[in-house]
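Visitor: Here it is, the structure in full.
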Amino acid sequence: MMKKTITLLLSCLLISACSQESQTPTLLEVDTLIVNGLVYSGDIADPQTLAVGITDDTIVFVGDTTSQAVIAQQTIDADGMMVLPGFIDPHTHSAGDLKSTDRNANLNYLTQGVTTVFNGNDGGGSADIAAQFGLMEKQGIGTNVALFVGHGDIREQVMGRDNRDPTPEEMESMKALVDSAMDEGALGLSTGLFYVPDTYSTTAEVVELAKVAAAKGGIYESHIRDESNYNIGVKAAIAELLQIGREAKIPVHIAHIKALGVDVWGQSADIIKMVEEAQQNGQAVTADQYPWRASGTGLHKATVPSWALAGSEAEIQARFKNPELMPEIRAAMTENIRRRGGPDSLLIVTALDEALLGKTIADLSKQWSLDPVDTVLKVLALGVNNGGARVASFNMSPDDIANFMVQPWVMTSSDGTNGHPRKYASFPTKYRHYVLEKSLMDVPTFVHRSSAQVAETFGIKNRGYIKPGYFADISIIDSEQFKPAATFREWNQLTPGVIHQWVNGVQVINNGEYTGALPGRGLRKGL
């Protein structure tokens, strides 16, 4: 009896010991542990105070360290700050910076909380996707980058800037370029149907090219043919985009959605209805939007009719001196300046002649004693296709901006270009002005539409969320400091407020200072 009792007691002690051992948390070792921060995971849920662990390039832990023992080589105290997934900007023009050797850190985006940028938008992306990725990764880049193949680039390669339809042979050449670009990792096909030479294409041409991208799982992204009433009108341009999506059987995305110019103010309601009806009929339709009343474009694109911009610089300048063509050109320019809000609304933000910077067409018209059209022509005489002048054009209604922004299918973007503060301050502007001040959405929704929603829409794998197994693209932001510093007078001022930041697990910002690291990667479609 005594022997049986002792055996039973030993068994109980062993079971108890095993039970206690199973309750002891397994020790997790990480490179970096972020503690005490308010973590926004990327989904539309309330934030939580959690710890986040990073090992190599991956998030390996998100949770409570009281139930999981964690030791770290580096611990970051994020008390009182927001811990966010790195923002993903689906529309930038930062390829030139990323390919350079002095601006490739992409600091103007990192300091906005952006860790991934898209390029090749508006139809301008090179078809040589592999070469672009190779160059940027060899030199090093501060952010990740994904690329579109641009309709304008392939059309110009095959057809020049001619205002005509492609021959069957030219069409096959363009389709082959799209196919090759998709194989090299392009997200999809981008068009800029308002711009030369894309604008010379028919809907049928675009459909055929979009079918090639669709066959490889791509998306169709477009600066639509008209955002105002320049040619077919903004609603007809949206209808064209939806038609392309249906006929090519491809998801469609509206670049920088807007109703541009006084003649189409208020049409946001009709556009939203068109998109929602298409979605109800099974189409995948999304859009992005930058949070500014002013658009940004070349002065020639804003004012000169597209037919007059065909061909070379010499051919364009010759038209401006042709007495037979100028009455028609002048009439169109007069109308284009009016629809943009008048000469007071066209602010020159970049120019070959720096004396023009910061002046409106109205200012120069008064200074030179010329009418607005002759003033524009005098500026364009310095150059058209060589970047003679860019303008910020104040042409959007606050009501339309708000109507688009609250739609669940509209995500955050910058369309960042030199001369416009959107390149340096779009994300803090939306956060400060539209989220905190106007309360158009709560913070979790803003974070979701600036990160996870973009990743899911464009098939960017394992990014956009703070979850175990996802790449460690993370920003720690002081919400009080995170506000735009850039203005239209000083457009290139870095945003304060990003205190710490990681791209692929490598710290790029430490205590508000850039570390010099270049850990960005080319994000190839499907990988």
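Every chain in the structure tokens takes a letter, A first, then B, and so on in the order presented; its residues are numbered from 1, and the ligands are numbered from 1 following the presented order.
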Skip Tyr109 of chain A itself and residues of its chain fewer than 4 positions away, then list as number ranges by chain all residues within 10 Å of it, counting only C-alpha atoms.

Guide: A: 87-89, 92, 94, 105, 113-117, 142-143, 414, 416, 423-427, 494-495

Visitor: Would you mind exporting N, CA, C and O atoms of the selected residues as a short mmCIF file (atom, residue, chain, number, x, y, z; two decimals), in the first residue's frame?

Guide:
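Saved result, again-v8.cif, follows:
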data_model
loop_
_atom_site.label_atom_id
_atom_site.label_comp_id
_atom_site.auth_asym_id
_atom_site.auth_seq_id
_atom_site.Cartn_x
_atom_site.Cartn_y
_atom_site.Cartn_z
N PHE A 87 3.44 53.17 -45.12
CA PHE A 87 2.45 53.54 -46.13
C PHE A 87 2.94 53.11 -47.52
O PHE A 87 4.15 53.06 -47.79
N ILE A 88 1.99 52.83 -48.39
CA ILE A 88 2.27 52.43 -49.77
C ILE A 88 1.61 53.43 -50.69
O ILE A 88 0.39 53.56 -50.70
N ASP A 89 2.41 54.16 -51.45
CA ASP A 89 1.89 55.21 -52.32
C ASP A 89 1.73 54.65 -53.73
O ASP A 89 2.71 54.37 -54.41
N THR A 92 3.28 57.75 -57.75
CA THR A 92 4.35 58.74 -57.59
C THR A 92 5.06 58.90 -58.93
O THR A 92 4.83 58.15 -59.87
N SER A 94 8.62 59.21 -58.79
CA SER A 94 9.90 59.24 -58.09
C SER A 94 10.97 58.38 -58.75
O SER A 94 12.05 58.21 -58.19
N ALA A 105 17.64 57.80 -51.71
CA ALA A 105 17.09 57.47 -50.38
C ALA A 105 15.59 57.71 -50.33
O ALA A 105 14.89 57.12 -49.50
N GLY A 113 6.19 58.68 -43.87
CA GLY A 113 5.75 57.37 -43.41
C GLY A 113 5.61 56.37 -44.52
O GLY A 113 5.13 55.25 -44.31
N VAL A 114 6.04 56.73 -45.73
CA VAL A 114 5.90 55.87 -46.91
C VAL A 114 7.13 54.98 -47.03
O VAL A 114 8.26 55.46 -47.04
N THR A 115 6.91 53.68 -47.16
CA THR A 115 8.02 52.74 -47.34
C THR A 115 8.00 52.04 -48.69
O THR A 115 8.97 51.35 -49.03
N THR A 116 6.92 52.20 -49.46
CA THR A 116 6.83 51.63 -50.81
C THR A 116 6.19 52.65 -51.73
O THR A 116 5.16 53.25 -51.38
N VAL A 117 6.79 52.84 -52.91
CA VAL A 117 6.22 53.75 -53.91
C VAL A 117 6.00 53.00 -55.21
O VAL A 117 6.74 52.07 -55.53
N GLY A 142 16.05 53.79 -50.89
CA GLY A 142 15.56 53.90 -49.52
C GLY A 142 14.21 53.27 -49.29
O GLY A 142 13.93 52.76 -48.20
N THR A 143 13.35 53.32 -50.30
CA THR A 143 12.03 52.71 -50.21
C THR A 143 11.94 51.51 -51.15
O THR A 143 12.75 51.38 -52.08
N SER A 414 0.01 60.42 -53.68
CA SER A 414 0.60 61.76 -53.72
C SER A 414 0.66 62.35 -55.13
O SER A 414 0.57 63.55 -55.29
N GLY A 416 3.31 62.69 -56.60
CA GLY A 416 4.36 63.65 -56.28
C GLY A 416 5.19 64.09 -57.47
O GLY A 416 5.79 63.26 -58.17
N LYS A 423 4.52 66.20 -53.22
CA LYS A 423 5.65 65.27 -53.25
C LYS A 423 6.26 65.09 -51.86
O LYS A 423 6.87 64.06 -51.57
N TYR A 424 6.09 66.07 -50.99
CA TYR A 424 6.70 66.05 -49.67
C TYR A 424 5.70 65.94 -48.53
O TYR A 424 6.10 65.67 -47.40
N ALA A 425 4.42 66.14 -48.80
CA ALA A 425 3.51 66.32 -47.66
C ALA A 425 2.09 65.80 -47.86
O ALA A 425 1.18 66.22 -47.15
N SER A 426 1.86 64.87 -48.79
CA SER A 426 0.48 64.41 -49.02
C SER A 426 -0.09 63.61 -47.85
O SER A 426 -1.23 63.82 -47.44
N PHE A 427 0.69 62.70 -47.31
CA PHE A 427 0.17 61.84 -46.24
C PHE A 427 -0.06 62.62 -44.94
O PHE A 427 -1.11 62.49 -44.33
N LEU A 494 10.90 68.74 -45.84
CA LEU A 494 10.62 67.41 -45.30
C LEU A 494 9.62 67.47 -44.16
O LEU A 494 9.62 68.41 -43.35
N THR A 495 8.78 66.46 -44.08
CA THR A 495 7.78 66.35 -43.02
C THR A 495 8.42 65.90 -41.71
O THR A 495 9.17 64.92 -41.71
#

Visitor: Name the residues in contact with Ile219 of chain A at a cut-off of 8 Å, using only C-alpha atoms, excluding same-chain residues fewer than 6 positions from it; report them as a ChimeraX atom specification.

Guide: /A:187-189,213,250-253,458

Visitor: Just to be explicit: take each residue in the selection above, keep all heavy atoms, and write the result as an mmCIF file, in the first residue's frame.

Guide:
data_model
loop_
_atom_site.group_PDB
_atom_site.id
_atom_site.type_symbol
_atom_site.label_atom_id
_atom_site.label_comp_id
_atom_site.auth_asym_id
_atom_site.auth_seq_id
_atom_site.Cartn_x
_atom_site.Cartn_y
_atom_site.Cartn_z
ATOM 1 N N LEU A 187 3.307 45.643 -62.485
ATOM 2 C CA LEU A 187 2.008 45.491 -61.820
ATOM 3 C C LEU A 187 0.870 45.386 -62.826
ATOM 4 O O LEU A 187 -0.144 44.752 -62.565
ATOM 5 C CB LEU A 187 1.736 46.700 -60.919
ATOM 6 C CG LEU A 187 2.634 46.894 -59.706
ATOM 7 C CD1 LEU A 187 2.346 48.250 -59.066
ATOM 8 C CD2 LEU A 187 2.408 45.774 -58.693
ATOM 9 N N GLY A 188 1.041 46.042 -63.950
ATOM 10 C CA GLY A 188 -0.003 46.077 -64.957
ATOM 11 C C GLY A 188 0.283 47.175 -65.952
ATOM 12 O O GLY A 188 1.406 47.687 -66.035
ATOM 13 N N LEU A 189 -0.724 47.555 -66.706
ATOM 14 C CA LEU A 189 -0.607 48.573 -67.741
ATOM 15 C C LEU A 189 -1.130 49.900 -67.221
ATOM 16 O O LEU A 189 -2.228 49.974 -66.659
ATOM 17 C CB LEU A 189 -1.403 48.158 -68.979
ATOM 18 C CG LEU A 189 -1.493 49.191 -70.117
ATOM 19 C CD1 LEU A 189 -0.127 49.377 -70.786
ATOM 20 C CD2 LEU A 189 -2.545 48.765 -71.139
ATOM 21 N N ALA A 213 -2.045 42.477 -70.427
ATOM 22 C CA ALA A 213 -1.767 42.598 -68.996
ATOM 23 C C ALA A 213 -2.714 41.725 -68.182
ATOM 24 O O ALA A 213 -2.317 41.103 -67.190
ATOM 25 C CB ALA A 213 -1.886 44.060 -68.566
ATOM 26 N N ILE A 250 -10.253 42.968 -66.906
ATOM 27 C CA ILE A 250 -9.130 43.356 -66.063
ATOM 28 C C ILE A 250 -9.618 44.321 -64.986
ATOM 29 O O ILE A 250 -10.491 45.158 -65.258
ATOM 30 C CB ILE A 250 -8.018 44.006 -66.930
ATOM 31 C CG1 ILE A 250 -6.708 44.173 -66.130
ATOM 32 C CG2 ILE A 250 -8.455 45.338 -67.502
ATOM 33 C CD1 ILE A 250 -5.525 44.592 -66.989
ATOM 34 N N PRO A 251 -9.099 44.230 -63.754
ATOM 35 C CA PRO A 251 -9.437 45.230 -62.742
ATOM 36 C C PRO A 251 -8.951 46.608 -63.192
ATOM 37 O O PRO A 251 -7.874 46.729 -63.799
ATOM 38 C CB PRO A 251 -8.670 44.764 -61.493
ATOM 39 C CG PRO A 251 -8.367 43.327 -61.738
ATOM 40 C CD PRO A 251 -8.218 43.175 -63.220
ATOM 41 N N VAL A 252 -9.736 47.642 -62.899
ATOM 42 C CA VAL A 252 -9.367 48.990 -63.323
ATOM 43 C C VAL A 252 -9.185 49.894 -62.110
ATOM 44 O O VAL A 252 -9.852 49.739 -61.086
ATOM 45 C CB VAL A 252 -10.403 49.598 -64.290
ATOM 46 C CG1 VAL A 252 -10.450 48.810 -65.585
ATOM 47 C CG2 VAL A 252 -11.791 49.665 -63.654
ATOM 48 N N HIS A 253 -8.267 50.852 -62.260
ATOM 49 C CA HIS A 253 -7.938 51.773 -61.174
ATOM 50 C C HIS A 253 -7.856 53.179 -61.736
ATOM 51 O O HIS A 253 -7.123 53.430 -62.707
ATOM 52 C CB HIS A 253 -6.608 51.373 -60.529
ATOM 53 C CG HIS A 253 -6.228 52.224 -59.370
ATOM 54 N ND1 HIS A 253 -6.697 52.011 -58.093
ATOM 55 C CD2 HIS A 253 -5.410 53.314 -59.287
ATOM 56 C CE1 HIS A 253 -6.194 52.915 -57.275
ATOM 57 N NE2 HIS A 253 -5.419 53.719 -57.971
ATOM 58 N N PHE A 458 -3.346 45.807 -55.385
ATOM 59 C CA PHE A 458 -2.341 45.628 -56.435
ATOM 60 C C PHE A 458 -1.535 44.340 -56.284
ATOM 61 O O PHE A 458 -0.584 44.115 -57.030
ATOM 62 C CB PHE A 458 -1.404 46.833 -56.477
ATOM 63 C CG PHE A 458 -2.074 48.089 -56.954
ATOM 64 C CD1 PHE A 458 -2.638 48.985 -56.053
ATOM 65 C CD2 PHE A 458 -2.174 48.364 -58.306
ATOM 66 C CE1 PHE A 458 -3.267 50.139 -56.495
ATOM 67 C CE2 PHE A 458 -2.807 49.507 -58.758
ATOM 68 C CZ PHE A 458 -3.359 50.403 -57.847
#

Visitor: What's around Thr487 of chain A at 10 Å? Count only C-alpha atoms, leave out sequence neighbours fewer than 3 positions away in its own chain, and write the answer as a count of residues only.

Guide: 11

Visitor: Pick out the residues sitting within 12 Å of Thr199 of chain A, and hand them over as a compact mmCIF listing (two decimals) with all heavy atoms, in the first residue's frame; count only C-alpha atoms, and ignore anything fewer than 2 positions along from it in its own chain.

Guide:
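Once written, result-v6.txt looks like this:
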# COMPACT_ATOMS: atom_id res chain seq x y z
N ASP A 122 0.51 57.18 -65.15
CA ASP A 122 0.13 58.13 -66.21
C ASP A 122 0.66 57.73 -67.58
O ASP A 122 0.86 58.57 -68.46
CB ASP A 122 0.63 59.55 -65.88
CG ASP A 122 -0.04 60.14 -64.64
OD1 ASP A 122 -1.10 59.63 -64.23
OD2 ASP A 122 0.52 61.10 -64.08
N GLY A 123 0.93 56.43 -67.76
CA GLY A 123 1.39 55.95 -69.05
C GLY A 123 2.85 56.19 -69.32
O GLY A 123 3.34 55.89 -70.42
N HIS A 151 1.77 52.85 -71.29
CA HIS A 151 1.26 52.88 -72.66
C HIS A 151 1.98 53.95 -73.49
O HIS A 151 2.36 53.72 -74.64
CB HIS A 151 -0.24 53.16 -72.61
CG HIS A 151 -0.88 53.35 -73.95
ND1 HIS A 151 -1.85 54.29 -74.17
CD2 HIS A 151 -0.69 52.73 -75.14
CE1 HIS A 151 -2.24 54.24 -75.44
NE2 HIS A 151 -1.56 53.29 -76.04
N GLY A 152 2.20 55.12 -72.88
CA GLY A 152 2.85 56.20 -73.62
C GLY A 152 4.26 55.84 -74.03
O GLY A 152 4.71 56.17 -75.14
N ARG A 155 4.09 53.21 -76.86
CA ARG A 155 3.59 53.82 -78.10
C ARG A 155 4.68 54.67 -78.76
O ARG A 155 4.87 54.65 -79.97
CB ARG A 155 2.34 54.65 -77.82
CG ARG A 155 1.45 54.86 -79.05
CD ARG A 155 0.19 55.61 -78.69
NE ARG A 155 -0.89 55.33 -79.62
CZ ARG A 155 -1.11 55.98 -80.76
NH1 ARG A 155 -0.31 56.96 -81.10
NH2 ARG A 155 -2.13 55.65 -81.54
N GLU A 156 5.40 55.44 -77.92
CA GLU A 156 6.46 56.28 -78.47
C GLU A 156 7.60 55.44 -79.01
O GLU A 156 8.21 55.80 -80.03
CB GLU A 156 6.95 57.26 -77.39
CG GLU A 156 7.82 58.35 -77.95
CD GLU A 156 7.88 59.57 -77.06
OE1 GLU A 156 7.12 59.64 -76.07
OE2 GLU A 156 8.70 60.47 -77.35
N ARG A 161 5.61 60.02 -81.73
CA ARG A 161 4.53 60.83 -81.16
C ARG A 161 3.47 61.13 -82.21
O ARG A 161 2.81 62.18 -82.18
CB ARG A 161 5.11 62.12 -80.57
CG ARG A 161 6.03 61.87 -79.39
CD ARG A 161 6.80 63.12 -78.98
NE ARG A 161 5.96 64.17 -78.46
CZ ARG A 161 5.55 64.26 -77.20
NH1 ARG A 161 5.90 63.33 -76.33
NH2 ARG A 161 4.81 65.27 -76.81
N ASP A 162 3.29 60.21 -83.14
CA ASP A 162 2.36 60.41 -84.25
C ASP A 162 0.91 60.34 -83.77
O ASP A 162 0.54 59.49 -82.94
CB ASP A 162 2.57 59.35 -85.33
CG ASP A 162 3.91 59.49 -86.02
OD1 ASP A 162 4.60 60.50 -85.76
OD2 ASP A 162 4.27 58.60 -86.80
N ASN A 163 0.09 61.20 -84.37
CA ASN A 163 -1.35 61.23 -84.08
C ASN A 163 -2.07 60.37 -85.12
O ASN A 163 -2.60 60.86 -86.11
CB ASN A 163 -1.85 62.67 -84.13
CG ASN A 163 -3.31 62.78 -83.74
OD1 ASN A 163 -3.97 61.78 -83.47
ND2 ASN A 163 -3.82 64.00 -83.71
N ARG A 164 -2.03 59.04 -84.90
CA ARG A 164 -2.65 58.10 -85.83
C ARG A 164 -2.84 56.75 -85.13
O ARG A 164 -2.34 56.54 -84.02
CB ARG A 164 -1.78 57.91 -87.08
CG ARG A 164 -0.40 57.35 -86.78
CD ARG A 164 0.41 57.12 -88.05
NE ARG A 164 1.76 56.64 -87.76
CZ ARG A 164 2.08 55.37 -87.51
NH1 ARG A 164 1.13 54.42 -87.52
NH2 ARG A 164 3.33 55.03 -87.25
N ASP A 165 -3.55 55.85 -85.80
CA ASP A 165 -3.70 54.49 -85.29
C ASP A 165 -2.46 53.66 -85.64
O ASP A 165 -1.80 53.92 -86.65
CB ASP A 165 -4.93 53.83 -85.93
CG ASP A 165 -6.23 54.45 -85.47
OD1 ASP A 165 -6.23 55.10 -84.41
OD2 ASP A 165 -7.23 54.30 -86.19
N THR A 191 -1.98 53.97 -68.36
CA THR A 191 -2.16 54.89 -69.48
C THR A 191 -2.32 56.31 -68.95
O THR A 191 -2.77 56.54 -67.83
CB THR A 191 -3.40 54.56 -70.33
OG1 THR A 191 -4.59 54.68 -69.52
CG2 THR A 191 -3.33 53.17 -70.91
N GLY A 192 -1.96 57.26 -69.81
CA GLY A 192 -2.21 58.67 -69.55
C GLY A 192 -2.96 59.23 -70.74
O GLY A 192 -2.39 59.93 -71.57
N LEU A 193 -4.23 58.89 -70.84
CA LEU A 193 -4.99 59.16 -72.07
C LEU A 193 -5.25 60.65 -72.31
O LEU A 193 -5.73 61.03 -73.37
CB LEU A 193 -6.31 58.38 -72.05
CG LEU A 193 -6.15 56.86 -72.04
CD1 LEU A 193 -7.51 56.17 -72.02
CD2 LEU A 193 -5.33 56.39 -73.24
N PHE A 194 -4.92 61.48 -71.33
CA PHE A 194 -5.01 62.93 -71.53
C PHE A 194 -3.75 63.47 -72.20
O PHE A 194 -3.75 64.55 -72.77
CB PHE A 194 -5.22 63.61 -70.18
CG PHE A 194 -5.31 65.11 -70.26
CD1 PHE A 194 -6.39 65.73 -70.86
CD2 PHE A 194 -4.31 65.91 -69.72
CE1 PHE A 194 -6.47 67.12 -70.93
CE2 PHE A 194 -4.38 67.29 -69.78
CZ PHE A 194 -5.46 67.91 -70.39
N TYR A 195 -2.67 62.69 -72.11
CA TYR A 195 -1.36 63.18 -72.52
C TYR A 195 -0.93 62.63 -73.88
O TYR A 195 -1.33 61.54 -74.29
CB TYR A 195 -0.30 62.78 -71.48
CG TYR A 195 -0.54 63.36 -70.12
CD1 TYR A 195 -0.50 62.55 -68.98
CD2 TYR A 195 -0.79 64.71 -69.95
CE1 TYR A 195 -0.72 63.08 -67.72
CE2 TYR A 195 -1.01 65.26 -68.69
CZ TYR A 195 -0.97 64.44 -67.58
OH TYR A 195 -1.18 64.97 -66.34
N VAL A 196 -0.06 63.38 -74.54
CA VAL A 196 0.59 62.93 -75.78
C VAL A 196 1.69 61.93 -75.40
O VAL A 196 2.46 62.17 -74.47
CB VAL A 196 1.19 64.15 -76.51
CG1 VAL A 196 2.00 63.71 -77.73
CG2 VAL A 196 0.10 65.15 -76.90
N PRO A 197 1.80 60.77 -76.09
CA PRO A 197 1.02 60.34 -77.26
C PRO A 197 -0.18 59.45 -76.95
O PRO A 197 -0.91 59.06 -77.85
CB PRO A 197 2.05 59.56 -78.07
CG PRO A 197 2.88 58.89 -77.01
CD PRO A 197 2.98 59.88 -75.88
N SER A 201 -4.62 57.52 -79.03
CA SER A 201 -5.07 56.13 -79.16
C SER A 201 -6.58 56.03 -79.04
O SER A 201 -7.24 56.83 -78.37
CB SER A 201 -4.42 55.26 -78.07
OG SER A 201 -4.84 55.70 -76.79
N THR A 202 -7.13 55.01 -79.67
CA THR A 202 -8.55 54.71 -79.54
C THR A 202 -8.77 53.80 -78.34
O THR A 202 -7.84 53.17 -77.81
CB THR A 202 -9.07 54.01 -80.79
OG1 THR A 202 -8.39 52.73 -80.91
CG2 THR A 202 -8.85 54.84 -82.04
N THR A 203 -10.02 53.71 -77.93
CA THR A 203 -10.37 52.78 -76.85
C THR A 203 -10.01 51.35 -77.24
O THR A 203 -9.50 50.58 -76.41
CB THR A 203 -11.88 52.87 -76.54
OG1 THR A 203 -12.21 54.22 -76.22
CG2 THR A 203 -12.26 51.97 -75.38
N GLU A 205 -7.61 50.26 -79.12
CA GLU A 205 -6.18 50.03 -78.98
C GLU A 205 -5.83 49.70 -77.53
O GLU A 205 -5.08 48.76 -77.24
CB GLU A 205 -5.41 51.26 -79.43
CG GLU A 205 -3.90 51.16 -79.20
CD GLU A 205 -3.16 52.44 -79.54
OE1 GLU A 205 -3.55 53.12 -80.53
OE2 GLU A 205 -2.20 52.79 -78.82
N VAL A 206 -6.38 50.48 -76.62
CA VAL A 206 -6.08 50.28 -75.20
C VAL A 206 -6.61 48.94 -74.72
O VAL A 206 -5.95 48.22 -73.96
CB VAL A 206 -6.64 51.44 -74.35
CG1 VAL A 206 -6.32 51.22 -72.88
CG2 VAL A 206 -6.07 52.77 -74.82
N SER A 222 -5.16 54.15 -64.86
CA SER A 222 -5.25 55.17 -65.90
C SER A 222 -5.47 56.58 -65.36
O SER A 222 -6.33 56.82 -64.51
CB SER A 222 -6.41 54.85 -66.85
OG SER A 222 -6.48 55.80 -67.91
N HIS A 223 -4.65 57.51 -65.88
CA HIS A 223 -5.03 58.92 -65.89
C HIS A 223 -6.02 59.01 -67.04
O HIS A 223 -5.64 58.94 -68.22
CB HIS A 223 -3.80 59.80 -66.14
CG HIS A 223 -4.12 61.27 -66.20
ND1 HIS A 223 -3.39 62.21 -65.53
CD2 HIS A 223 -5.09 61.96 -66.85
CE1 HIS A 223 -3.89 63.42 -65.76
NE2 HIS A 223 -4.94 63.28 -66.58
N ILE A 224 -7.29 59.12 -66.71
CA ILE A 224 -8.35 58.98 -67.71
C ILE A 224 -8.26 60.08 -68.77
O ILE A 224 -7.56 61.07 -68.61
CB ILE A 224 -9.74 58.98 -67.04
CG1 ILE A 224 -9.94 60.24 -66.20
CG2 ILE A 224 -9.92 57.71 -66.19
CD1 ILE A 224 -11.32 60.37 -65.59
N ARG A 225 -8.98 59.86 -69.86
CA ARG A 225 -8.85 60.72 -71.05
C ARG A 225 -9.24 62.17 -70.76
O ARG A 225 -8.70 63.10 -71.39
CB ARG A 225 -9.71 60.15 -72.18
CG ARG A 225 -9.36 60.71 -73.55
CD ARG A 225 -10.16 60.04 -74.64
NE ARG A 225 -9.84 58.64 -74.82
CZ ARG A 225 -8.86 58.16 -75.60
NH1 ARG A 225 -8.08 59.01 -76.25
NH2 ARG A 225 -8.66 56.86 -75.72
N ASP A 226 -10.12 62.38 -69.83
CA ASP A 226 -10.55 63.75 -69.52
C ASP A 226 -11.01 63.79 -68.07
O ASP A 226 -11.91 63.04 -67.68
CB ASP A 226 -11.69 64.16 -70.46
CG ASP A 226 -11.96 65.66 -70.46
OD1 ASP A 226 -11.38 66.38 -69.62
OD2 ASP A 226 -12.75 66.13 -71.30
N TYR A 230 -12.30 68.89 -71.30
CA TYR A 230 -11.36 69.21 -72.37
C TYR A 230 -11.78 68.57 -73.69
O TYR A 230 -11.64 69.14 -74.75
CB TYR A 230 -9.96 68.72 -72.03
CG TYR A 230 -9.15 69.65 -71.18
CD1 TYR A 230 -9.14 69.53 -69.80
CD2 TYR A 230 -8.38 70.66 -71.76
CE1 TYR A 230 -8.37 70.39 -69.02
CE2 TYR A 230 -7.61 71.51 -70.99
CZ TYR A 230 -7.61 71.38 -69.61
OH TYR A 230 -6.86 72.22 -68.84
N ASN A 231 -12.22 67.30 -73.62
CA ASN A 231 -12.59 66.61 -74.86
C ASN A 231 -13.90 65.87 -74.67
O ASN A 231 -14.97 66.41 -74.95
CB ASN A 231 -11.46 65.70 -75.35
CG ASN A 231 -10.82 64.88 -74.24
OD1 ASN A 231 -11.42 63.94 -73.73
ND2 ASN A 231 -9.58 65.21 -73.87
N ILE A 232 -13.87 64.63 -74.15
CA ILE A 232 -15.11 63.87 -74.03
C ILE A 232 -15.83 64.12 -72.72
O ILE A 232 -16.99 63.72 -72.56
CB ILE A 232 -14.86 62.35 -74.20
CG1 ILE A 232 -13.97 61.81 -73.08
CG2 ILE A 232 -14.26 62.06 -75.56
CD1 ILE A 232 -13.80 60.30 -73.11
N ALA A 237 -15.17 59.83 -69.76
CA ALA A 237 -13.85 59.23 -69.57
C ALA A 237 -13.92 58.09 -68.55
O ALA A 237 -13.24 57.06 -68.71
CB ALA A 237 -12.85 60.29 -69.13
N LYS A 301 0.45 71.26 -71.03
CA LYS A 301 -0.63 70.28 -70.93
C LYS A 301 -1.91 70.91 -70.41
O LYS A 301 -3.01 70.48 -70.75
CB LYS A 301 -0.19 69.14 -70.02
CG LYS A 301 0.99 68.34 -70.57
CD LYS A 301 1.50 67.34 -69.54
CE LYS A 301 2.74 66.62 -70.03
NZ LYS A 301 3.33 65.74 -69.00
N PRO A 305 -4.09 72.82 -76.77
CA PRO A 305 -4.84 71.65 -77.23
C PRO A 305 -3.90 70.51 -77.63
O PRO A 305 -2.81 70.76 -78.17
CB PRO A 305 -5.62 72.17 -78.44
CG PRO A 305 -4.88 73.39 -78.90
CD PRO A 305 -4.30 73.99 -77.65
N SER A 306 -4.30 69.28 -77.34
CA SER A 306 -3.39 68.15 -77.51
C SER A 306 -2.95 67.96 -78.95
O SER A 306 -1.81 67.54 -79.22
CB SER A 306 -4.04 66.86 -76.99
OG SER A 306 -5.23 66.58 -77.70
N TRP A 307 -3.82 68.28 -79.92
CA TRP A 307 -3.43 68.09 -81.32
C TRP A 307 -2.24 68.97 -81.69
O TRP A 307 -1.45 68.63 -82.57
CB TRP A 307 -4.60 68.37 -82.26
CG TRP A 307 -5.12 69.79 -82.26
CD1 TRP A 307 -6.17 70.27 -81.55
CD2 TRP A 307 -4.60 70.90 -83.01
NE1 TRP A 307 -6.34 71.61 -81.79
CE2 TRP A 307 -5.39 72.02 -82.69
CE3 TRP A 307 -3.55 71.06 -83.91
CZ2 TRP A 307 -5.18 73.28 -83.24
CZ3 TRP A 307 -3.31 72.31 -84.47
CH2 TRP A 307 -4.13 73.41 -84.13
N LEU A 309 0.30 69.54 -79.85
CA LEU A 309 1.50 69.09 -79.14
C LEU A 309 2.12 67.84 -79.77
O LEU A 309 3.05 67.27 -79.22
CB LEU A 309 1.16 68.81 -77.68
CG LEU A 309 0.71 70.02 -76.85
CD1 LEU A 309 0.23 69.57 -75.48
CD2 LEU A 309 1.84 71.03 -76.71
N ALA A 310 1.60 67.43 -80.92
CA ALA A 310 2.16 66.25 -81.58
C ALA A 310 3.55 66.56 -82.14
O ALA A 310 3.86 67.69 -82.50
CB ALA A 310 1.23 65.80 -82.71

Visitor: Atom CA of Val454 of chain A and atom CA of Leu523 of chain A, how far apart in Å?

Guide: 13.3 Å

Visitor: Taking into account only C-alpha atoms, which residue in the set A:Thr417, A:Thr445, A:Gln501, A:Ser295 is nearest to Asn119 of chain A?

Guide: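 So, comparing all the options, the nearest one is A:Thr417.
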
Visitor: Quick check, in Å to one decimal: how far apart do atom CA of Trp502 of chain A and atom CA of Ile71 of chain A lie?

Guide: 19.0 Å

Visitor: Do you know which residues are at most 6 Å from segment 394-397 of chain A counting only C-alpha atoms, after dropping those on the same chain fewer than 4 positions away, and could you put them as a ChimeraX atom specification?

Guide: /A:260-261,293-294,340-341,345

Visitor: Can you tell me which residues surround Arg463 of chain A at a distance of at most 10 Å, considering only C-alpha atoms, apart from same-chain residues fewer than 2 positions away, and format the answer as a list of chain:residue names?

Guide: A:Gly42, A:Pro85, A:Gly86, A:Phe87, A:Ile88, A:Thr115, A:Thr116, A:Ser451, A:Ala452, A:Val454, A:Ala455, A:Glu456, A:Gly459, A:Ile460, A:Lys461, A:Tyr465, A:Ile466, A:Lys467, A:Gly469, A:Tyr470, A:Phe471, A:Ala472, A:Asp473, A:Ile474, A:Asn504

Visitor: When you draw a straight line from atom CA of Leu84 of chain A to atom CA of Ala69 of chain A, how long is it in Å?

Guide: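 Between atom CA of Leu84 of chain A and atom CA of Ala69 of chain A the gap works out to 22.9 Å.
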